[in-house]
Structure formats: C-alpha cells, structure tokens
$ cat structure-v9.txt   # compact mmCIF, C-alpha atoms
# COMPACT_ATOMS: atom_id res chain seq x y z
CA MET O 1 31.96 -6.86 -28.56
CA SER O 2 31.67 -8.58 -31.91
CA THR O 3 27.96 -8.53 -32.65
CA THR O 4 28.07 -10.62 -35.82
CA THR O 5 29.01 -13.74 -33.88
CA VAL O 6 26.10 -13.24 -31.49
CA SER O 7 23.55 -12.78 -34.23
CA GLN O 8 24.77 -15.93 -35.99
CA LEU O 9 24.23 -17.87 -32.79
CA ASP O 10 20.80 -16.30 -32.49
CA LYS O 11 19.90 -17.64 -35.90
CA VAL O 12 20.56 -21.16 -34.76
CA LYS O 13 18.40 -20.93 -31.65
CA ASP O 14 15.85 -18.13 -31.48
CA GLY O 15 12.84 -19.89 -29.98
CA PRO O 16 11.43 -18.37 -26.78
CA TRP O 17 13.08 -21.02 -24.60
CA SER O 18 16.43 -21.27 -26.38
CA GLY O 19 17.78 -17.80 -25.68
CA GLY O 20 18.57 -15.22 -28.29
CA ARG O 21 15.63 -13.06 -27.36
CA SER O 22 14.41 -11.43 -24.18
CA PRO O 23 11.42 -13.52 -23.02
CA TRP O 24 9.93 -10.76 -20.86
CA ASN O 25 11.21 -7.83 -22.91
CA LEU O 26 11.99 -6.06 -19.65
CA GLU O 27 15.19 -4.46 -18.47
CA TYR O 28 17.03 -6.34 -15.69
CA GLY O 29 16.65 -3.62 -13.03
CA LYS O 30 12.93 -3.42 -13.60
CA ILE O 31 12.51 -7.17 -13.17
CA MET O 32 14.55 -7.04 -9.97
CA MET O 33 12.41 -4.16 -8.66
CA TRP O 34 9.30 -6.26 -9.31
CA PHE O 35 10.78 -9.27 -7.50
CA PHE O 36 11.72 -7.07 -4.57
CA LEU O 37 8.18 -5.69 -4.45
CA VAL O 38 6.69 -9.20 -4.54
CA SER O 39 8.84 -10.16 -1.54
CA ASP O 40 7.94 -6.91 0.22
CA ALA O 41 4.27 -7.67 -0.42
CA PHE O 42 4.81 -10.96 1.43
CA THR O 43 6.20 -9.06 4.42
CA PHE O 44 3.26 -6.67 4.54
CA SER O 45 0.82 -9.55 4.00
CA SER O 46 2.32 -11.37 6.98
CA PHE O 47 1.90 -8.29 9.17
CA LEU O 48 -1.70 -7.75 8.14
CA ILE O 49 -2.59 -11.44 8.35
CA TYR O 50 -1.16 -11.54 11.87
CA TYR O 51 -3.38 -8.56 12.69
CA GLY O 52 -6.35 -10.58 11.41
CA ALA O 53 -5.27 -13.64 13.42
CA GLN O 54 -5.10 -11.54 16.60
CA LYS O 55 -8.54 -10.14 15.90
CA TYR O 56 -9.88 -13.68 15.53
CA ALA O 57 -8.10 -14.82 18.71
CA GLN O 58 -9.56 -12.05 20.90
CA PRO O 59 -13.16 -12.22 22.09
CA SER O 60 -13.49 -8.44 21.72
CA TRP O 61 -11.61 -5.85 19.65
CA ILE O 62 -11.07 -2.12 19.82
CA ASP O 63 -13.39 0.03 17.66
CA ALA O 64 -11.21 1.88 15.13
CA ASP O 65 -13.87 4.58 14.67
CA LYS O 66 -13.46 5.46 18.34
CA VAL O 67 -9.65 5.52 18.22
CA PHE O 68 -9.13 7.60 15.07
CA GLN O 69 -11.42 10.53 15.76
CA SER O 70 -9.24 13.60 15.60
CA ILE O 71 -8.35 16.08 12.88
CA PRO O 72 -5.14 17.71 14.12
CA GLY O 73 -5.62 21.42 14.64
CA ILE O 74 -9.36 21.30 13.92
CA ALA O 75 -11.17 18.76 16.07
CA ASP O 76 -9.89 16.65 18.94
CA SER O 77 -12.65 14.05 18.75
CA GLY O 78 -15.92 13.11 17.09
CA GLN O 79 -14.61 13.02 13.49
CA PRO O 80 -13.93 9.39 12.58
CA LEU O 81 -12.13 8.63 9.29
CA VAL O 82 -11.92 12.24 8.06
CA PHE O 83 -8.19 12.76 8.65
CA VAL O 84 -7.22 9.35 7.28
CA GLY O 85 -9.41 10.15 4.27
CA VAL O 86 -7.24 13.19 3.61
CA MET O 87 -4.11 11.03 3.94
CA THR O 88 -5.50 8.45 1.53
CA PHE O 89 -6.34 11.15 -0.99
CA ILE O 90 -2.83 12.64 -0.71
CA LEU O 91 -1.22 9.26 -1.39
CA ILE O 92 -3.46 8.42 -4.38
CA MET O 93 -2.79 11.89 -5.76
CA SER O 94 0.97 11.49 -5.43
CA SER O 95 0.68 8.13 -7.19
CA VAL O 96 -1.02 9.90 -10.10
CA THR O 97 1.69 12.56 -10.30
CA MET O 98 4.30 9.76 -10.26
CA VAL O 99 2.68 7.98 -13.20
CA LEU O 100 2.49 11.33 -15.00
CA ALA O 101 6.25 11.72 -14.44
CA VAL O 102 6.79 8.25 -15.94
CA GLU O 103 4.61 9.21 -18.91
CA ALA O 104 6.62 12.42 -19.40
CA GLY O 105 9.79 10.31 -19.22
CA HIS O 106 8.59 8.22 -22.17
CA ARG O 107 8.42 11.43 -24.21
CA ASN O 108 11.87 12.50 -22.90
CA ALA O 109 10.23 15.71 -21.63
CA LYS O 110 12.71 16.66 -18.92
CA GLN O 111 10.89 19.74 -17.62
CA GLU O 112 7.64 17.82 -17.18
CA VAL O 113 9.42 14.97 -15.38
CA VAL O 114 10.91 17.53 -12.98
CA LYS O 115 7.51 19.15 -12.40
CA TRP O 116 5.67 15.89 -11.66
CA MET O 117 8.52 14.54 -9.51
CA LEU O 118 8.34 17.69 -7.39
CA TRP O 119 4.58 17.20 -6.90
CA THR O 120 5.16 13.53 -6.01
CA ILE O 121 7.79 14.43 -3.42
CA LEU O 122 5.47 17.07 -1.96
CA GLY O 123 2.67 14.48 -1.69
CA GLY O 124 4.98 12.03 0.05
CA LEU O 125 6.17 14.64 2.54
CA LEU O 126 2.58 15.69 3.29
CA PHE O 127 1.62 12.07 3.89
CA VAL O 128 4.50 11.42 6.27
CA GLY O 129 3.69 14.70 8.04
CA CYS O 130 0.06 13.63 8.50
CA GLN O 131 1.20 10.29 9.83
CA ALA O 132 3.51 12.00 12.33
CA LEU O 133 0.56 14.08 13.56
CA GLU O 134 -1.60 11.00 13.95
CA TRP O 135 1.14 9.10 15.77
CA SER O 136 1.72 11.95 18.20
CA HIS O 137 -2.03 12.25 18.85
CA LEU O 138 -2.29 8.54 19.69
CA HIS O 139 0.87 8.73 21.77
CA HIS O 140 -0.67 11.53 23.83
CA GLN O 141 -3.69 9.33 24.44
CA GLY O 142 -1.41 6.63 25.82
CA PHE O 143 -1.01 4.27 22.86
CA TRP O 144 2.53 3.21 21.98
CA PHE O 145 4.61 0.08 21.37
CA GLY O 146 3.83 -2.25 24.27
CA ARG O 147 1.49 0.23 25.89
CA ASN O 148 -2.15 1.30 25.85
CA PRO O 149 -3.93 4.05 27.84
CA ALA O 150 -4.60 1.67 30.76
CA THR O 151 -1.02 0.39 31.10
CA GLY O 152 0.19 0.71 34.68
CA LEU O 153 -3.26 0.52 36.24
CA ALA O 154 -3.90 -2.40 38.59
CA ASP O 155 -7.56 -1.93 39.50
CA PRO O 156 -9.82 -3.73 36.96
CA ALA O 157 -12.49 -1.05 37.32
CA ALA O 158 -9.95 1.65 36.50
CA ILE O 159 -8.70 -0.32 33.47
CA ALA O 160 -12.25 -0.76 32.20
CA ALA O 161 -13.05 2.92 32.73
CA THR O 162 -9.88 4.08 30.95
CA LEU O 163 -10.41 1.85 27.92
CA GLU O 164 -14.18 2.31 27.75
CA PRO O 165 -14.04 5.20 25.20
CA TYR O 166 -12.28 2.94 22.65
CA PHE O 167 -14.65 -0.03 22.72
CA THR O 168 -18.24 -0.63 21.67
CA LYS O 169 -18.36 -4.24 22.85
CA GLU O 170 -16.72 -5.81 25.93
CA ILE O 171 -13.49 -4.15 27.02
CA SER O 172 -10.27 -6.13 26.72
CA TYR O 173 -6.90 -4.85 27.88
CA THR O 174 -5.08 -7.43 25.73
CA ALA O 175 -7.01 -6.45 22.60
CA ALA O 176 -6.17 -2.77 23.14
CA LEU O 177 -2.52 -3.67 23.67
CA GLN O 178 -2.30 -5.84 20.55
CA PHE O 179 -4.06 -3.19 18.50
CA SER O 180 -1.56 -0.61 19.71
CA ASN O 181 1.47 -2.81 18.98
CA LEU O 182 0.30 -3.78 15.52
CA PHE O 183 -0.86 -0.30 14.56
CA PHE O 184 2.50 1.29 15.31
CA THR O 185 4.45 -1.61 13.79
CA ILE O 186 2.51 -1.77 10.53
CA THR O 187 1.96 1.95 9.92
CA GLY O 188 5.54 2.47 11.07
CA PHE O 189 6.85 -0.03 8.55
CA HIS O 190 4.70 1.60 5.88
CA GLY O 191 5.84 5.08 6.88
CA PHE O 192 9.44 3.84 6.66
CA HIS O 193 8.72 2.70 3.10
CA VAL O 194 7.21 6.10 2.25
CA SER O 195 10.30 7.84 3.67
CA ILE O 196 12.63 5.64 1.57
CA GLY O 197 10.39 6.38 -1.42
CA ILE O 198 10.72 10.12 -0.88
CA LEU O 199 14.50 9.71 -0.70
CA LEU O 200 14.55 7.71 -3.96
CA ASN O 201 12.28 10.30 -5.60
CA ILE O 202 14.63 13.10 -4.56
CA ILE O 203 17.62 11.16 -5.91
CA VAL O 204 16.02 10.58 -9.33
CA LEU O 205 14.83 14.21 -9.37
CA PHE O 206 18.45 15.34 -9.02
CA MET O 207 19.56 12.80 -11.61
CA THR O 208 16.95 14.26 -13.98
CA LEU O 209 18.11 17.81 -13.28
CA ASN O 210 21.67 16.60 -13.83
CA ASN O 211 20.68 15.34 -17.34
CA THR O 212 21.76 11.81 -16.34
CA PHE O 213 18.74 10.20 -18.02
CA GLU O 214 18.95 12.52 -21.01
CA ARG O 215 22.52 11.33 -21.61
CA ARG O 216 21.48 7.73 -20.98
CA GLY O 217 18.76 8.14 -23.57
CA THR O 218 16.05 6.62 -21.35
CA TYR O 219 14.09 7.62 -18.27
CA LEU O 220 13.75 3.98 -17.19
CA MET O 221 15.00 4.80 -13.69
CA ILE O 222 11.92 7.00 -13.13
CA GLU O 223 9.81 3.95 -13.99
CA LYS O 224 11.62 1.73 -11.51
CA VAL O 225 11.31 4.23 -8.67
CA GLY O 226 7.71 4.76 -9.80
CA LEU O 227 7.00 1.04 -9.33
CA TYR O 228 8.22 1.31 -5.74
CA TRP O 229 6.14 4.42 -5.14
CA HIS O 230 2.95 2.81 -6.46
CA PHE O 231 3.62 -0.21 -4.27
CA VAL O 232 3.70 2.08 -1.22
CA ASP O 233 0.31 3.43 -2.28
CA LEU O 234 -0.94 -0.12 -2.82
CA VAL O 235 0.07 -1.15 0.70
CA TRP O 236 -1.71 1.88 2.12
CA VAL O 237 -4.94 0.81 0.38
CA PHE O 238 -4.79 -2.42 2.39
CA VAL O 239 -3.66 -0.81 5.67
CA PHE O 240 -6.52 1.69 5.34
CA THR O 241 -9.10 -1.05 4.87
CA PHE O 242 -7.92 -3.35 7.65
CA PHE O 243 -7.07 -0.75 10.30
CA TYR O 244 -9.58 2.02 9.69
CA LEU O 245 -12.61 0.55 7.93
CA ILE O 246 -13.02 -2.96 9.31
CA MET U 1 25.88 -3.10 -22.19
CA ALA U 2 24.86 -3.50 -25.82
CA GLN U 3 22.24 -6.04 -24.76
CA HIS U 4 20.96 -3.66 -22.08
CA ASP U 5 20.54 -0.81 -24.57
CA HIS U 6 18.80 -3.09 -26.99
CA ILE U 7 16.21 -4.14 -24.42
CA ALA U 8 15.74 -0.60 -23.15
CA ALA U 9 15.23 0.68 -26.70
CA SER U 10 12.85 -2.05 -27.79
CA HIS U 11 11.00 -1.58 -24.53
CA THR U 12 10.18 2.04 -25.27
CA GLU U 13 9.25 1.18 -28.85
CA HIS U 14 6.90 -1.75 -28.32
CA GLY U 15 6.22 -2.04 -24.61
CA HIS U 16 4.29 1.18 -24.38
CA GLY U 17 2.42 1.15 -27.65
CA GLU U 18 -0.76 0.30 -25.75
CA GLY U 19 0.46 1.88 -22.49
CA MET U 20 -0.79 4.76 -20.41
CA ASP U 21 -1.47 8.13 -21.97
CA LYS U 22 -2.55 11.12 -19.89
CA LYS U 23 -6.25 10.53 -20.52
CA ARG U 24 -6.00 6.94 -19.29
CA ILE U 25 -4.01 7.96 -16.20
CA TRP U 26 -6.71 10.39 -15.14
CA SER U 27 -9.51 7.92 -15.83
CA VAL U 28 -7.78 5.36 -13.57
CA PHE U 29 -7.40 8.09 -10.96
CA PHE U 30 -11.12 8.80 -11.06
CA VAL U 31 -11.91 5.09 -10.69
CA LEU U 32 -9.68 4.95 -7.59
CA LEU U 33 -11.20 8.16 -6.23
CA ALA U 34 -14.75 6.88 -6.83
CA LEU U 35 -14.04 3.56 -5.08
CA THR U 36 -12.47 5.36 -2.10
CA ALA U 37 -15.43 7.76 -1.98
CA LEU U 38 -17.76 4.76 -1.98
CA GLU U 39 -15.88 3.30 1.01
CA PHE U 40 -16.28 6.59 2.87
CA LEU U 41 -19.96 6.80 1.92
CA LEU U 42 -20.48 3.34 3.42
CA ALA U 43 -18.44 4.03 6.57
CA LEU U 44 -19.52 7.60 7.32
CA GLY U 45 -22.95 7.70 5.68
CA PHE U 46 -24.50 4.26 5.88
CA VAL U 47 -22.92 3.18 9.19
CA HIS U 48 -22.42 6.38 11.22
CA HIS U 49 -24.90 8.92 9.95
CA TRP U 50 -27.95 7.01 8.78
CA GLY U 51 -27.35 3.79 10.71
CA ILE U 52 -28.63 1.68 7.81
CA LEU U 53 -25.75 -0.81 7.95
CA GLU U 54 -23.90 -2.24 10.91
CA LYS U 55 -20.22 -3.16 11.05
CA GLY U 56 -19.95 -6.86 10.43
CA MET U 57 -19.16 -9.63 8.00
CA PHE U 58 -21.38 -8.30 5.19
CA LEU U 59 -19.77 -4.86 5.24
CA ASN U 60 -16.28 -6.35 5.60
CA VAL U 61 -16.79 -8.40 2.44
CA ILE U 62 -17.80 -5.23 0.58
CA TYR U 63 -14.77 -3.31 1.91
CA ILE U 64 -12.35 -6.10 0.99
CA THR U 65 -13.87 -6.44 -2.49
CA LEU U 66 -13.50 -2.69 -3.08
CA THR U 67 -9.91 -2.89 -1.79
CA LEU U 68 -9.05 -5.71 -4.17
CA ILE U 69 -10.55 -3.79 -7.11
CA LYS U 70 -8.46 -0.75 -6.15
CA ALA U 71 -5.37 -2.95 -5.84
CA TYR U 72 -6.05 -4.36 -9.32
CA TYR U 73 -6.26 -0.88 -10.84
CA ILE U 74 -3.03 0.26 -9.16
CA VAL U 75 -1.05 -2.84 -10.14
CA ALA U 76 -2.50 -3.25 -13.64
CA PHE U 77 -2.43 0.36 -14.81
CA PHE U 78 -0.20 2.48 -12.56
CA MET U 79 2.40 -0.27 -12.23
CA HIS U 80 1.80 -1.20 -15.85
CA LEU U 81 1.67 -4.94 -15.17
CA LYS U 82 -1.33 -5.48 -17.46
CA PHE U 83 0.82 -4.50 -20.45
CA GLU U 84 3.77 -6.77 -19.66
CA LYS U 85 4.29 -10.22 -21.15
CA SER U 86 1.93 -12.86 -19.72
CA GLY U 87 4.90 -14.95 -18.54
CA PHE U 88 6.04 -12.09 -16.34
CA ILE U 89 2.55 -11.43 -14.98
CA ILE U 90 2.22 -15.09 -13.97
CA THR U 91 5.72 -15.10 -12.42
CA CYS U 92 4.83 -12.16 -10.20
CA ALA U 93 1.30 -13.26 -9.34
CA VAL U 94 1.67 -16.99 -8.74
CA GLY U 95 3.29 -16.67 -5.29
CA PHE U 96 0.20 -14.98 -3.92
CA ILE U 97 -1.64 -18.30 -3.97
CA LEU U 98 0.47 -19.02 -0.87
CA ILE U 99 -0.80 -15.79 0.71
CA VAL U 100 -4.38 -17.02 0.29
CA TYR U 101 -3.34 -20.25 1.99
CA PHE U 102 -1.60 -18.29 4.75
CA ILE U 103 -4.74 -16.21 5.40
CA ALA U 104 -6.86 -19.35 5.79
CA LEU U 105 -4.20 -20.93 7.99
CA LEU U 106 -3.77 -18.07 10.45
CA LEU U 107 -7.45 -17.14 10.72
CA ILE U 108 -8.30 -20.75 11.57
CA GLU U 109 -5.44 -20.75 14.08
CA GLY U 110 -6.69 -17.47 15.60
CA ASP U 111 -10.18 -18.86 15.91
CA TYR U 112 -8.83 -21.97 17.64
CA LEU U 113 -6.85 -19.85 20.13
CA LEU U 114 -10.00 -17.88 20.96
CA TYR U 115 -11.81 -20.97 22.16
CA HIS U 116 -8.94 -22.91 23.69
CA PHE U 117 -6.48 -20.49 25.26
CA GLN U 118 -8.66 -17.61 26.37
CA GLU U 119 -7.41 -16.38 29.71
CA HIS U 120 -7.49 -12.58 29.34
CA PRO U 121 -10.01 -10.67 31.46
CA LEU U 122 -12.99 -9.04 29.76
CA TYR U 123 -14.90 -6.12 31.22
CA PRO U 124 -18.52 -5.44 30.19
CA HIS U 125 -19.05 -2.23 28.23
CA PRO U 126 -21.37 0.12 30.14
$ encode --input "structure-v9.txt" --output "structure tokens"
Amino acid sequence: MSTTTVSQLDKVKDGPWSGGRSPWNLEYGKIMMWFFLVSDAFTFSSFLIYYGAQKYAQPSWIDADKVFQSIPGIADSGQPLVFVGVMTFILIMSSVTMVLAVEAGHRNAKQEVVKWMLWTILGGLLFVGCQALEWSHLHHQGFWFGRNPATGLADPAAIAATLEPYFTKEISYTAALQFSNLFFTITGFHGFHVSIGILLNIIVLFMTLNNTFERRGTYLMIEKVGLYWHFVDLVWVFVFTFFYLI
Amino acid sequence: MAQHDHIAASHTEHGHGEGMDKKRIWSVFFVLLALTALEFLLALGFVHHWGILEKGMFLNVIYITLTLIKAYYIVAFFMHLKFEKSGFIITCAVGFILIVYFIALLLIEGDYLLYHFQEHPLYPHP
C-alpha cells in the first residue's frame, strides 16, 4: 500500500471527526470485545432483573441462607455462605492472575504470561468444579429446573413440611419453584461463560507457547481474552449479591 | 494491516503509560478482597452470629452499594476502562441508563402483580 498518498490525505483532514486518526486509539478486536461484553451485560441484567421482579411479585421468598448451607465433603448443613465465599475468592484471585498475565504481555515476557495464564486456567477450573459440587448438592435436595423438593406432593401439609427448612417467613411452593428455576438458569449461564472463558484461556496459552504473539509483536490477544475473563468475574459479583446475600 | 499495526503499536506506547503496574494490580485486589470480606462480616457476623442487623431494605442497600463499588474497581482497573479515551467510556456506559429504567419498570410490574394476581397458596411457617 502506498503510504505517502494516505498521509497527504491525512494532512488535509486530521481533526478528530474527519478521519485520519483513530478516535479511540483502540484496536478493532478490542472494541468489538467491549461491545460484545456490553450486550452480554444486558443479557445478564435481564436475568437478574427478572429474578428481582419475581421476588417482588411473590408474597414470600425462599431464604438463601437456608438453601446454601453445605460445604461439600466437610459439612452437610449449618454453614451458610462459607462455600460460596471460597468460590468468590477463587474467581477474584483468577481475575488477578489474568491481569498479571496482561501486564506481563505488555513487557513481552513470554514465560511470565505462560505462568499467569496457567494459574488463571486453574482458578477457572476450580470455580467450575465448585459450582458442579453445589449444583449436585442442590439436585440431591430436590431442586432442579422446573422442580423443587416438594414437587409431586399433593397434600398441602406435606408441601409445607417439605419446604419448611428453606423458609423463614410463610412457605410458598411457587416462590421455591421460581427460585430453583432462576438459580439454575442464571448460575448455569454464568458457568457456561466461565467454561468458554477457560477454553479461550487455554487457546491463548497454546498460542503463547507457540510464539504466535511473539511473532506478531504484541500480546493484545491476551488483553482481549482478559476482558472477557474479568467480565465473568464481574457478573459473579452481581450473582453473588443477588442470590446469596440478599 | 498497516493501519492495524500502527494502532497496536501506538496503543502499547501511549495507552498504558498510566496503566496498571504490579503494585497497582495488587492494591486493587486488596480493595476487592476487603469489600468482599466486609460483605461476609455483615452477613455472617452482624446478621447470623451477633444478630445486630436483620435482613431487609437497609442491609440490601449496603450490599448493592458494595457490589457497585466492586464492579467499578473491576471495570475501571482490571478491564482498564478508566484509562481509555472518554469517548469510548461514554459509548460503553451510556446504554446502562436503559438498564436503570428496566429495573424500575420490572420491579414496579412485580409489585403490581403481587397485589393484583396473587393466587398461589401460602402456608404459615411454624
């Protein structure tokens, strides 16, 4: 491409709105990753807002502290929030190792990028593993898509007795059902994002090992995948608040 | 391709002059850790153990505020948005005004459904 022609054109119009310079000074792929994440944030917002709307529409709601009580392999009940605390810590930690990989990429330090990417992948796998344990625990209790522990019972007294451990206020079969549906849908959608993130992390790890970025002269791809990974952490911050704390 | 390289190169030169070094990364991590620890202190300590606070609107406002602060730190520093051009920050952020509207819309709708379409049985908690 003849660059002299381009630069002459640039001289004629080089204001911020007349082309000739990059107004955001960002690479195309990075902008597109941001726009994807904005749209993905809308999807997650819609899910969580619908959860809020259901909570407002039901006269009583399940008590999260009574649902999430187990630490797999240690305690079956009586330990609210502890296990999800571990999961939250794992995800924040893997976000930090990701940003350290990005920082190493700026210095073109291949070995460090590899090291931090490995830690990030490990964090992601641990998180998904924890989520699988939590899902299976809830499934054993009788929660699942379209189902809560009292599903199939006809006698109101039996329904109330079965759901009693999960409520502090009045017991509502519909509330327990909607909680179950939305919990598995939203954490499932989030877990799906984490799984995709792990896959992307593994791909860029192999590209790093393959010297692809070294030859390209920039580790920008690590940054783009990093954006996605931080977004997954960001979503978890909200899921944690609305499902486990409130 | 030449254009792409130019942007990529200038990005690494200028874009990260005031970016994240290792010290800053860890300080952001400790802010996030402290805020999360505060949430657990409220939930496990103040509500469950000591019984000083009760679950309710007051506590929810505190939780949501802490969540939004954490979200700000992740987006601004980990996702580096604070150091991008202001035009780009506005482009990404402006759509979320509609999310605020959507929250108001659906919570009002939910509240309406509670009082006008309630037909699900409720059982008293023993």
$ residues_around --input "structure-v9.txt" --residues "region 19-21 of chain U" --least-positions-apart "6" --cutoff "9 Å" --atoms "all atoms listed in the file" --output "PyMOL selection string"
(chain O and resi 99-100+103) or (chain U and resi 77-78+80+83)
$ closest_residue --input "structure-v9.txt" --among "U:Ala71, U:Ile90, U:Lys23, U:Ala76" --to "chain O" --atoms "only C-alpha atoms"
U:Ala71
$ interface_residues --input "structure-v9.txt" --of "chain U" --to "chain O" --cutoff "8 Å" --atoms "only C-alpha atoms" --output "ChimeraX atom specification"
/U:4,7-8,10-12,15,20-22,25-26,29,32-33,40,43-44,55,60,63-64,67,70-71,74-75,78-79,84-85,87-88,92,99,102-103,106-115,118,120-126
$ atom_distance --input "structure-v9.txt" --atom1 "CA of Val86 (chain O)" --atom2 "CA of Ser136 (chain O)"
17.2 Å
$ atom_distance --input "structure-v9.txt" --atom1 "CA of Phe68 (chain O)" --atom2 "CA of Glu54 (chain U)"
18.2 Å
$ atom_distance --input "structure-v9.txt" --atom1 "CA of Phe143 (chain O)" --atom2 "CA of Asp155 (chain O)"
18.9 Å
$ closest_residue --input "structure-v9.txt" --among "O:Thr151, O:Asn108, O:Gln178, O:Gln131" --to "Thr208 (chain O)" --atoms "only C-alpha atoms"
O:Asn108
$ axis_aligned_box --input "structure-v9.txt" --around "region 166-178 of chain O" --padding-each-side "5 Å" --output "JSON"
{"center_x": -10.3, "center_y": -2.2, "center_z": 24.2, "size_x": 26.1, "size_y": 20.4, "size_z": 17.3}
$ residues_near_point --input "structure-v9.txt" --point "(3.3, 8.5, 13.7)" --cutoff "10 Å" --atoms "all atoms listed in the file" --output "count of residues only"
18
$ closest_residue --input "structure-v9.txt" --among "O:Leu199, O:Ala176, O:Ala101, O:Met207" --to "Val67 (chain O)" --atoms "only C-alpha atoms"
O:Ala176
$ closest_residue --input "structure-v9.txt" --among "O:Ile74, O:Ile62, O:Met117, O:Leu126" --to "Met87 (chain O)" --atoms "only C-alpha atoms"
O:Leu126
